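Shown below: final_0.csv, with CSV, C-alpha atoms and all ligand atoms.
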chain,number,residue,atom,x,y,z
A,1,MET,CA,474.8,24.1,1.4
A,2,ASN,CA,478.0,24.7,3.2
A,3,ILE,CA,478.3,22.9,6.5
A,4,ALA,CA,480.9,23.6,9.1
A,5,ARG,CA,483.8,21.1,9.1
A,6,LEU,CA,484.7,19.5,12.4
A,7,ASN,CA,487.4,16.8,12.5
A,8,SER,CA,487.2,16.7,8.6
A,9,GLU,CA,483.5,15.9,8.7
A,10,PRO,CA,480.4,18.0,8.2
A,11,GLU,CA,479.0,18.9,11.6
A,12,ILE,CA,475.7,17.2,11.8
A,13,PHE,CA,475.0,15.5,15.2
A,14,TYR,CA,472.4,14.4,17.6
A,15,SER,CA,472.3,16.0,21.0
A,16,LEU,CA,470.3,18.0,23.6
A,17,GLN,CA,469.5,21.6,23.0
A,18,GLY,CA,471.8,23.4,25.4
A,19,GLU,CA,470.4,26.9,25.5
A,20,GLY,CA,467.2,28.8,25.4
A,21,ALA,CA,463.5,28.1,25.8
A,22,ARG,CA,463.8,24.4,24.7
A,23,SER,CA,466.9,23.6,26.7
A,24,GLY,CA,467.1,19.9,27.3
A,25,CYS,CA,465.1,18.8,24.3
A,26,PRO,CA,466.7,16.2,21.9
A,27,ALA,CA,467.4,17.5,18.4
A,28,VAL,CA,469.6,17.0,15.4
A,29,PHE,CA,472.1,19.8,15.1
A,30,LEU,CA,473.2,21.2,11.7
A,31,ARG,CA,476.0,23.7,11.9
A,32,LEU,CA,476.4,25.9,8.8
A,33,ALA,CA,479.7,27.5,7.8
A,34,GLY,CA,480.4,31.2,7.6
A,35,CYS,CA,479.6,34.1,9.9
A,36,ASN,CA,479.2,37.9,9.3
A,37,LEU,CA,480.4,38.7,12.8
A,38,HIS,CA,483.6,37.9,14.6
A,39,CYS,CA,482.9,37.7,18.4
A,40,SER,CA,486.0,37.8,20.6
A,41,TRP,CA,484.7,34.9,22.7
A,42,CYS,CA,483.3,32.8,19.8
A,43,ASP,CA,483.5,29.1,20.7
A,44,THR,CA,483.0,27.9,17.1
A,45,ARG,CA,485.7,29.9,15.2
A,46,TYR,CA,486.1,27.0,12.9
A,47,SER,CA,482.7,27.7,11.6
A,48,TRP,CA,484.0,31.0,10.1
A,49,LEU,CA,486.0,28.9,7.6
A,50,PRO,CA,484.7,27.4,4.4
A,51,GLY,CA,483.2,24.1,5.3
A,52,CYS,CA,481.9,21.0,3.4
A,53,GLU,CA,479.7,21.5,0.4
A,54,LEU,CA,476.8,19.0,0.6
A,55,CYS,CA,473.6,19.0,-1.5
A,56,GLU,CA,470.4,19.4,0.5
A,57,HIS,CA,469.2,15.9,-0.3
A,58,ASP,CA,472.4,14.5,1.3
A,59,VAL,CA,471.9,16.8,4.3
A,60,ALA,CA,468.3,15.8,4.7
A,61,ALA,CA,469.2,12.1,4.6
A,62,ARG,CA,471.8,12.5,7.3
A,63,VAL,CA,469.4,14.5,9.5
A,64,LEU,CA,466.6,12.0,9.0
A,65,SER,CA,468.9,9.1,9.8
A,66,TYR,CA,468.8,10.0,13.5
A,67,GLY,CA,465.0,9.5,13.7
A,68,CYS,CA,464.5,12.7,15.8
A,69,PRO,CA,461.6,15.0,15.0
A,70,ALA,CA,463.4,18.2,15.8
A,71,ILE,CA,466.3,20.1,14.2
A,72,VAL,CA,468.4,23.0,15.3
A,73,ILE,CA,470.1,24.9,12.5
A,74,THR,CA,473.0,26.9,13.9
A,75,GLY,CA,476.3,28.3,12.7
A,76,GLY,CA,478.2,30.5,12.1
A,77,GLU,CA,475.3,32.6,10.9
A,78,PRO,CA,472.9,30.3,9.2
A,79,LEU,CA,470.8,33.0,7.5
A,80,LEU,CA,473.8,33.7,5.2
A,81,GLN,CA,472.5,30.5,3.5
A,82,ALA,CA,468.7,31.2,3.7
A,83,ALA,CA,467.9,29.9,0.3
A,84,ALA,CA,469.7,26.6,1.0
A,85,ILE,CA,467.8,26.3,4.3
A,86,GLU,CA,464.6,26.7,2.5
A,87,ARG,CA,465.5,23.9,0.1
A,88,LEU,CA,466.5,21.7,3.0
A,89,LEU,CA,463.3,22.3,5.0
A,90,SER,CA,461.2,21.4,1.9
A,91,LEU,CA,462.8,17.9,2.1
A,92,LEU,CA,462.1,17.4,5.8
A,93,PRO,CA,458.7,16.4,7.3
A,94,ALA,CA,456.3,19.3,7.6
A,95,ASP,CA,455.8,18.5,11.3
A,96,MET,CA,459.5,18.4,12.1
A,97,HIS,CA,460.2,21.0,14.8
A,98,VAL,CA,462.6,23.6,13.4
A,99,GLU,CA,464.8,26.0,15.5
A,100,VAL,CA,467.3,28.4,14.0
A,101,GLU,CA,470.1,30.0,16.0
A,102,THR,CA,470.9,33.4,14.6
A,103,ASN,CA,472.9,36.5,15.6
A,104,GLY,CA,470.0,38.7,14.5
A,105,THR,CA,471.7,40.7,11.8
A,106,ILE,CA,469.9,39.2,8.8
A,107,ALA,CA,466.1,39.2,8.6
A,108,PRO,CA,464.3,35.9,7.9
A,109,THR,CA,462.9,35.4,4.4
A,110,PRO,CA,459.1,35.1,4.2
A,111,ALA,CA,459.3,31.4,3.6
A,112,LEU,CA,461.5,30.8,6.6
A,113,ALA,CA,459.4,33.2,8.8
A,114,ALA,CA,456.4,31.0,7.9
A,115,ARG,CA,458.2,27.6,8.5
A,116,VAL,CA,460.6,28.0,11.4
A,117,ASP,CA,459.0,27.1,14.7
A,118,GLN,CA,461.4,28.9,17.0
A,119,TRP,CA,464.0,31.6,16.3
A,120,ASN,CA,466.8,31.9,18.9
A,121,VAL,CA,468.0,35.4,18.2
A,122,SER,CA,471.3,36.3,20.0
A,123,PRO,CA,472.3,40.0,19.3
A,124,LYS,CA,475.9,40.6,20.2
A,125,LEU,CA,476.7,43.3,22.8
A,126,ALA,CA,479.8,45.6,23.0
A,127,HIS,CA,482.0,43.0,24.8
A,128,SER,CA,481.8,40.7,21.7
A,129,GLY,CA,484.2,43.2,20.1
A,130,ASN,CA,482.0,43.7,17.0
A,131,ASP,CA,481.2,47.1,15.6
A,132,SER,CA,477.7,47.8,17.2
A,133,THR,CA,476.4,49.2,13.9
A,134,GLN,CA,477.0,45.7,12.4
A,135,ALA,CA,476.0,43.6,15.4
A,136,ILE,CA,472.8,45.4,16.5
A,137,CYS,CA,470.2,45.8,13.8
A,138,PRO,CA,466.9,47.0,15.4
A,139,GLN,CA,464.9,46.6,12.1
A,140,VAL,CA,466.0,43.0,11.8
A,141,LEU,CA,465.1,42.3,15.4
A,142,ASP,CA,461.7,43.8,14.7
A,143,ALA,CA,461.3,41.4,11.8
A,144,PHE,CA,462.0,38.4,14.2
A,145,LEU,CA,459.7,39.9,16.8
A,146,ALA,CA,456.9,40.0,14.1
A,147,THR,CA,457.1,36.3,13.6
A,148,GLN,CA,455.9,35.9,17.2
A,149,ARG,CA,458.2,32.8,17.4
A,150,ALA,CA,461.4,34.5,18.5
A,151,TRP,CA,463.3,34.4,21.8
A,152,PHE,CA,466.1,36.9,22.4
A,153,LYS,CA,469.2,35.5,24.1
A,154,PHE,CA,472.0,37.9,25.3
A,155,VAL,CA,475.4,36.8,26.5
A,156,VAL,CA,476.1,39.0,29.5
A,157,GLN,CA,479.2,39.8,31.5
A,158,SER,CA,478.1,42.6,33.8
A,159,GLU,CA,475.5,45.2,34.7
A,160,ASN,CA,477.1,47.4,32.1
A,161,ASP,CA,475.4,45.2,29.5
A,162,TRP,CA,471.8,46.0,30.6
A,163,PRO,CA,471.3,49.5,29.1
A,164,ALA,CA,472.1,48.2,25.6
A,165,ILE,CA,469.6,45.4,26.1
A,166,GLU,CA,466.9,47.7,27.5
A,167,ALA,CA,467.3,50.1,24.6
A,168,LEU,CA,466.1,47.5,22.2
A,169,LYS,CA,462.7,47.4,23.9
A,170,LEU,CA,462.2,43.7,23.4
A,171,PRO,CA,459.6,41.9,25.4
A,172,ARG,CA,461.0,40.9,28.8
A,173,GLU,CA,459.0,37.6,28.7
A,174,ARG,CA,461.0,36.7,25.6
A,175,THR,CA,464.4,37.8,26.8
A,176,ILE,CA,467.0,35.4,28.2
A,177,LEU,CA,470.3,36.3,29.7
A,178,MET,CA,473.1,33.8,29.6
A,179,PRO,CA,476.6,33.8,31.2
A,180,CYS,CA,479.6,34.4,28.9
A,181,ALA,CA,481.3,31.0,29.0
A,182,THR,CA,483.1,28.5,26.8
A,183,ASN,CA,483.9,26.0,29.6
A,184,ARG,CA,482.6,24.9,33.0
A,185,ALA,CA,484.9,27.1,35.0
A,186,GLU,CA,483.8,30.2,33.1
A,187,LEU,CA,480.1,29.1,33.3
A,188,ASP,CA,480.3,28.7,37.1
A,189,ALA,CA,481.9,32.1,37.4
A,190,GLY,CA,479.5,33.8,35.1
A,191,ARG,CA,476.2,32.2,36.2
A,192,ALA,CA,475.9,34.2,39.4
A,193,ILE,CA,476.4,37.5,37.5
A,194,ALA,CA,473.8,36.6,35.0
A,195,ALA,CA,471.4,35.5,37.7
A,196,GLU,CA,471.7,38.8,39.5
A,197,LEU,CA,471.0,40.7,36.4
A,198,CYS,CA,467.9,38.5,35.7
A,199,LEU,CA,466.6,39.1,39.2
A,200,ARG,CA,467.2,42.9,39.0
A,201,HIS,CA,465.6,43.3,35.6
A,202,ARG,CA,462.9,40.6,35.7
A,203,VAL,CA,464.0,38.5,32.8
A,204,ARG,CA,464.8,34.8,32.4
A,205,LEU,CA,468.1,33.2,33.2
A,206,GLY,CA,469.4,30.8,30.5
A,207,ASP,CA,472.1,28.2,31.4
A,208,ARG,CA,474.3,26.4,28.9
A,209,LEU,CA,473.4,22.8,29.4
A,210,HIS,CA,475.9,21.4,26.8
A,211,ILE,CA,478.8,23.0,28.8
A,212,VAL,CA,477.4,21.6,32.1
A,213,LEU,CA,477.3,18.1,30.5
A,214,TRP,CA,480.3,18.1,28.1
A,215,ASN,CA,482.4,21.1,29.1
A,216,ASP,CA,484.1,22.5,26.0
A,217,LYS,CA,483.9,19.4,23.8
A,218,LYS,CA,482.7,20.1,20.2
A,219,GLY,CA,480.2,18.2,18.1
A,220,VAL,CA,478.0,17.2,21.1
B,1,LIG,S1,477.8,35.4,15.8
B,1,LIG,FE1,478.0,33.3,16.8
B,1,LIG,S2,479.2,32.1,15.3
B,1,LIG,FE2,479.4,34.3,14.7
B,1,LIG,S3,481.3,35.0,15.6
B,1,LIG,FE3,479.6,35.5,17.1
B,1,LIG,S4,479.5,33.7,18.4
B,1,LIG,FE4,480.7,33.1,16.7
Write the structure described by the file as structure tokens, please.
Ligand code: SF4
Amino acid sequence: MNIARLNSEPEIFYSLQGEGARSGCPAVFLRLAGCNLHCSWCDTRYSWLPGCELCEHDVAARVLSYGCPAIVITGGEPLLQAAAIERLLSLLPADMHVEVETNGTIAPTPALAARVDQWNVSPKLAHSGNDSTQAICPQVLDAFLATQRAWFKFVVQSENDWPAIEALKLPRERTILMPCATNRAELDAGRAIAAELCLRHRVRLGDRLHIVLWNDKKGV
């Protein structure tokens, strides 16, 4: 599988989940290389580039070396490498908690739909700069919804974002709004806007704990 390269090394690290419904939980992070979108505010542009090619046995050994019973597979867009993820998960303990971060443009394979414990699906809105026909795929979002293990995280900048979110008709109790931020200053500025939107539309506010803790440092 192709792993994002950070400081010449494959990006596999131990940290706290910074976003979503399991924010604060310890996990091993595996960042896969390659993305099918190009968000204007992407904070992991290096993941768009070809990364390090490692066999799944090597990746599994590195993941298990941390002794943590949870993994977060992120990117880039990890589902571009769905077959490799399936092979990796077959090498990890069956009771390991598996989360996948995805932009919601590629439906999960049946094997992944059955194995992944939590899908963190983050469709990208107009301010991401992507073509909406590429970034918003209602049928794919329905496939994630059908797993009954998906949360839908939206990066928001203003009230103007809400109509596009509402149009997707996703369950509000599974919807999380997050400030658009790549550093603490942006997070502090964007949190109040996101909080107002959450109050107005009765959905959950999501913070970005890794930015609170480590600002814009990568690989943590
Ligand atoms: S989907 Fe994620 S990794 Fe891909 S460009 Fe957007 S923010 Fe970056």
Report task. With all atoms listed in the file counted, collect every polymer residue having an atom within 12 Å of ligand LIG 1 (chain B); state the result as an MDAnalysis selection string. Result -> chainID A and resid 4 31:49 73:80 101:106 120:131 134:136 153:155 180:182
Requested in this report: Find the spatial neighbours of Phe13 (chain A), counting only C-alpha atoms, within a cut-off of 8 Å - ignore same-chain residues fewer than 2 positions away - and output them as a list in words.
Outcome: Glu11, Ser15, Val28, Phe29, Leu30, Gly219 and Val220 of chain A
Requested in this report: Taking (466.0, 47.8, 28.9) in the file's own coordinates, collect the residues within 12 Å, counting only C-alpha atoms, and hand them back as a PyMOL selection string.
Outcome: chain A and resi 159-172+175+197-198+200-203
Store the residues picked out above, limited to C-alpha atoms, as a PDB file, in the coordinates of the input.
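The resulting file, selection.pdb, is reproduced below:
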ATOM      1  CA  GLU A 159     475.500  45.200  34.700  1.00  0.00           C
ATOM      2  CA  ASN A 160     477.100  47.400  32.100  1.00  0.00           C
ATOM      3  CA  ASP A 161     475.400  45.200  29.500  1.00  0.00           C
ATOM      4  CA  TRP A 162     471.800  46.000  30.600  1.00  0.00           C
ATOM      5  CA  PRO A 163     471.300  49.500  29.100  1.00  0.00           C
ATOM      6  CA  ALA A 164     472.100  48.200  25.600  1.00  0.00           C
ATOM      7  CA  ILE A 165     469.600  45.400  26.100  1.00  0.00           C
ATOM      8  CA  GLU A 166     466.900  47.700  27.500  1.00  0.00           C
ATOM      9  CA  ALA A 167     467.300  50.100  24.600  1.00  0.00           C
ATOM     10  CA  LEU A 168     466.100  47.500  22.200  1.00  0.00           C
ATOM     11  CA  LYS A 169     462.700  47.400  23.900  1.00  0.00           C
ATOM     12  CA  LEU A 170     462.200  43.700  23.400  1.00  0.00           C
ATOM     13  CA  PRO A 171     459.600  41.900  25.400  1.00  0.00           C
ATOM     14  CA  ARG A 172     461.000  40.900  28.800  1.00  0.00           C
ATOM     15  CA  THR A 175     464.400  37.800  26.800  1.00  0.00           C
ATOM     16  CA  LEU A 197     471.000  40.700  36.400  1.00  0.00           C
ATOM     17  CA  CYS A 198     467.900  38.500  35.700  1.00  0.00           C
ATOM     18  CA  ARG A 200     467.200  42.900  39.000  1.00  0.00           C
ATOM     19  CA  HIS A 201     465.600  43.300  35.600  1.00  0.00           C
ATOM     20  CA  ARG A 202     462.900  40.600  35.700  1.00  0.00           C
ATOM     21  CA  VAL A 203     464.000  38.500  32.800  1.00  0.00           C
TER      22      VAL A 203
END
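In this model, the gap between CA of Trp151 (chain A) and CA of Trp119 (chain A) comes to 6.2 Å.
If all atoms listed in the file are the atoms counted, then among A:Gln157, A:Gly18, A:Asn2, A:Ser65 the closest residue to Trp214 (chain A) is A:Gly18.
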Requested in this report: Can you work out the spacing between CA of Pro138 (chain A) and CA of Phe152 (chain A) in Å, to one decimal?
Outcome: 12.3 Å
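CA of Gly24 (chain A) sits 12.2 Å away from CA of Ala70 (chain A).
With all atoms listed in the file as the atoms that count, the residue of A:Ala185, A:Ala150, A:Val156, A:Ala195 with the shortest distance to Val100 (chain A) is A:Ala150.
Of the listed residues (A:Gln139, A:Asn215, A:Thr133, A:Gln118), A:Gln118 comes nearest to Arg174 (chain A); the distances count all atoms listed in the file.
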Query raised in the report: Using all atoms listed in the file, which residues sit within 8 Å of Val116 (chain A) once same-chain residues fewer than 6 positions away are excluded, as an NGL selection string?
Result: :A and (97-100)
Requested in this report: Give the answer as one residue: which of A:Arg204, A:Ala107, A:Ile71, A:Ala83 has the shortest atom-to-atom distance to Leu16 (chain A), using only C-alpha atoms?
Outcome: A:Ile71
Can you complete the atoms of region 141-153 of chain A to N, CA, C and O atoms and list them as a PDB file, keeping the file's coordinate frame?
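As a result, part.pdb now contains:
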ATOM      1  N   LEU A 141     465.728  42.897  14.217  1.00  0.00           N
ATOM      2  CA  LEU A 141     465.100  42.300  15.400  1.00  0.00           C
ATOM      3  C   LEU A 141     463.614  42.489  15.409  1.00  0.00           C
ATOM      4  O   LEU A 141     462.880  41.588  15.835  1.00  0.00           O
ATOM      5  N   ASP A 142     463.128  43.623  14.868  1.00  0.00           N
ATOM      6  CA  ASP A 142     461.700  43.800  14.700  1.00  0.00           C
ATOM      7  C   ASP A 142     461.076  42.747  13.812  1.00  0.00           C
ATOM      8  O   ASP A 142     459.967  42.269  14.042  1.00  0.00           O
ATOM      9  N   ALA A 143     461.811  42.392  12.758  1.00  0.00           N
ATOM     10  CA  ALA A 143     461.300  41.400  11.800  1.00  0.00           C
ATOM     11  C   ALA A 143     461.185  40.017  12.545  1.00  0.00           C
ATOM     12  O   ALA A 143     460.215  39.271  12.335  1.00  0.00           O
ATOM     13  N   PHE A 144     462.148  39.699  13.404  1.00  0.00           N
ATOM     14  CA  PHE A 144     462.000  38.400  14.200  1.00  0.00           C
ATOM     15  C   PHE A 144     460.879  38.528  15.172  1.00  0.00           C
ATOM     16  O   PHE A 144     460.121  37.569  15.332  1.00  0.00           O
ATOM     17  N   LEU A 145     460.760  39.677  15.813  1.00  0.00           N
ATOM     18  CA  LEU A 145     459.700  39.900  16.800  1.00  0.00           C
ATOM     19  C   LEU A 145     458.320  39.645  16.099  1.00  0.00           C
ATOM     20  O   LEU A 145     457.405  39.033  16.665  1.00  0.00           O
ATOM     21  N   ALA A 146     458.208  40.125  14.871  1.00  0.00           N
ATOM     22  CA  ALA A 146     456.900  40.000  14.100  1.00  0.00           C
ATOM     23  C   ALA A 146     456.545  38.585  13.851  1.00  0.00           C
ATOM     24  O   ALA A 146     455.361  38.303  13.637  1.00  0.00           O
ATOM     25  N   THR A 147     457.497  37.659  13.845  1.00  0.00           N
ATOM     26  CA  THR A 147     457.100  36.300  13.600  1.00  0.00           C
ATOM     27  C   THR A 147     456.378  35.675  14.809  1.00  0.00           C
ATOM     28  O   THR A 147     455.740  34.633  14.694  1.00  0.00           O
ATOM     29  N   GLN A 148     456.505  36.331  15.976  1.00  0.00           N
ATOM     30  CA  GLN A 148     455.900  35.900  17.200  1.00  0.00           C
ATOM     31  C   GLN A 148     456.449  34.490  17.646  1.00  0.00           C
ATOM     32  O   GLN A 148     455.839  33.774  18.429  1.00  0.00           O
ATOM     33  N   ARG A 149     457.598  34.127  17.095  1.00  0.00           N
ATOM     34  CA  ARG A 149     458.200  32.800  17.400  1.00  0.00           C
ATOM     35  C   ARG A 149     459.679  33.046  17.821  1.00  0.00           C
ATOM     36  O   ARG A 149     460.480  32.119  17.671  1.00  0.00           O
ATOM     37  N   ALA A 150     460.005  34.239  18.244  1.00  0.00           N
ATOM     38  CA  ALA A 150     461.400  34.500  18.500  1.00  0.00           C
ATOM     39  C   ALA A 150     461.646  34.699  20.033  1.00  0.00           C
ATOM     40  O   ALA A 150     460.807  35.229  20.767  1.00  0.00           O
ATOM     41  N   TRP A 151     462.800  34.178  20.451  1.00  0.00           N
ATOM     42  CA  TRP A 151     463.300  34.400  21.800  1.00  0.00           C
ATOM     43  C   TRP A 151     464.638  35.212  21.576  1.00  0.00           C
ATOM     44  O   TRP A 151     465.343  34.974  20.590  1.00  0.00           O
ATOM     45  N   PHE A 152     464.949  36.088  22.504  1.00  0.00           N
ATOM     46  CA  PHE A 152     466.100  36.900  22.400  1.00  0.00           C
ATOM     47  C   PHE A 152     467.104  36.580  23.492  1.00  0.00           C
ATOM     48  O   PHE A 152     466.784  36.795  24.672  1.00  0.00           O
ATOM     49  N   LYS A 153     468.246  36.019  23.114  1.00  0.00           N
ATOM     50  CA  LYS A 153     469.200  35.500  24.100  1.00  0.00           C
ATOM     51  C   LYS A 153     470.432  36.485  24.067  1.00  0.00           C
ATOM     52  O   LYS A 153     471.008  36.720  23.008  1.00  0.00           O
TER      53      LYS A 153
END
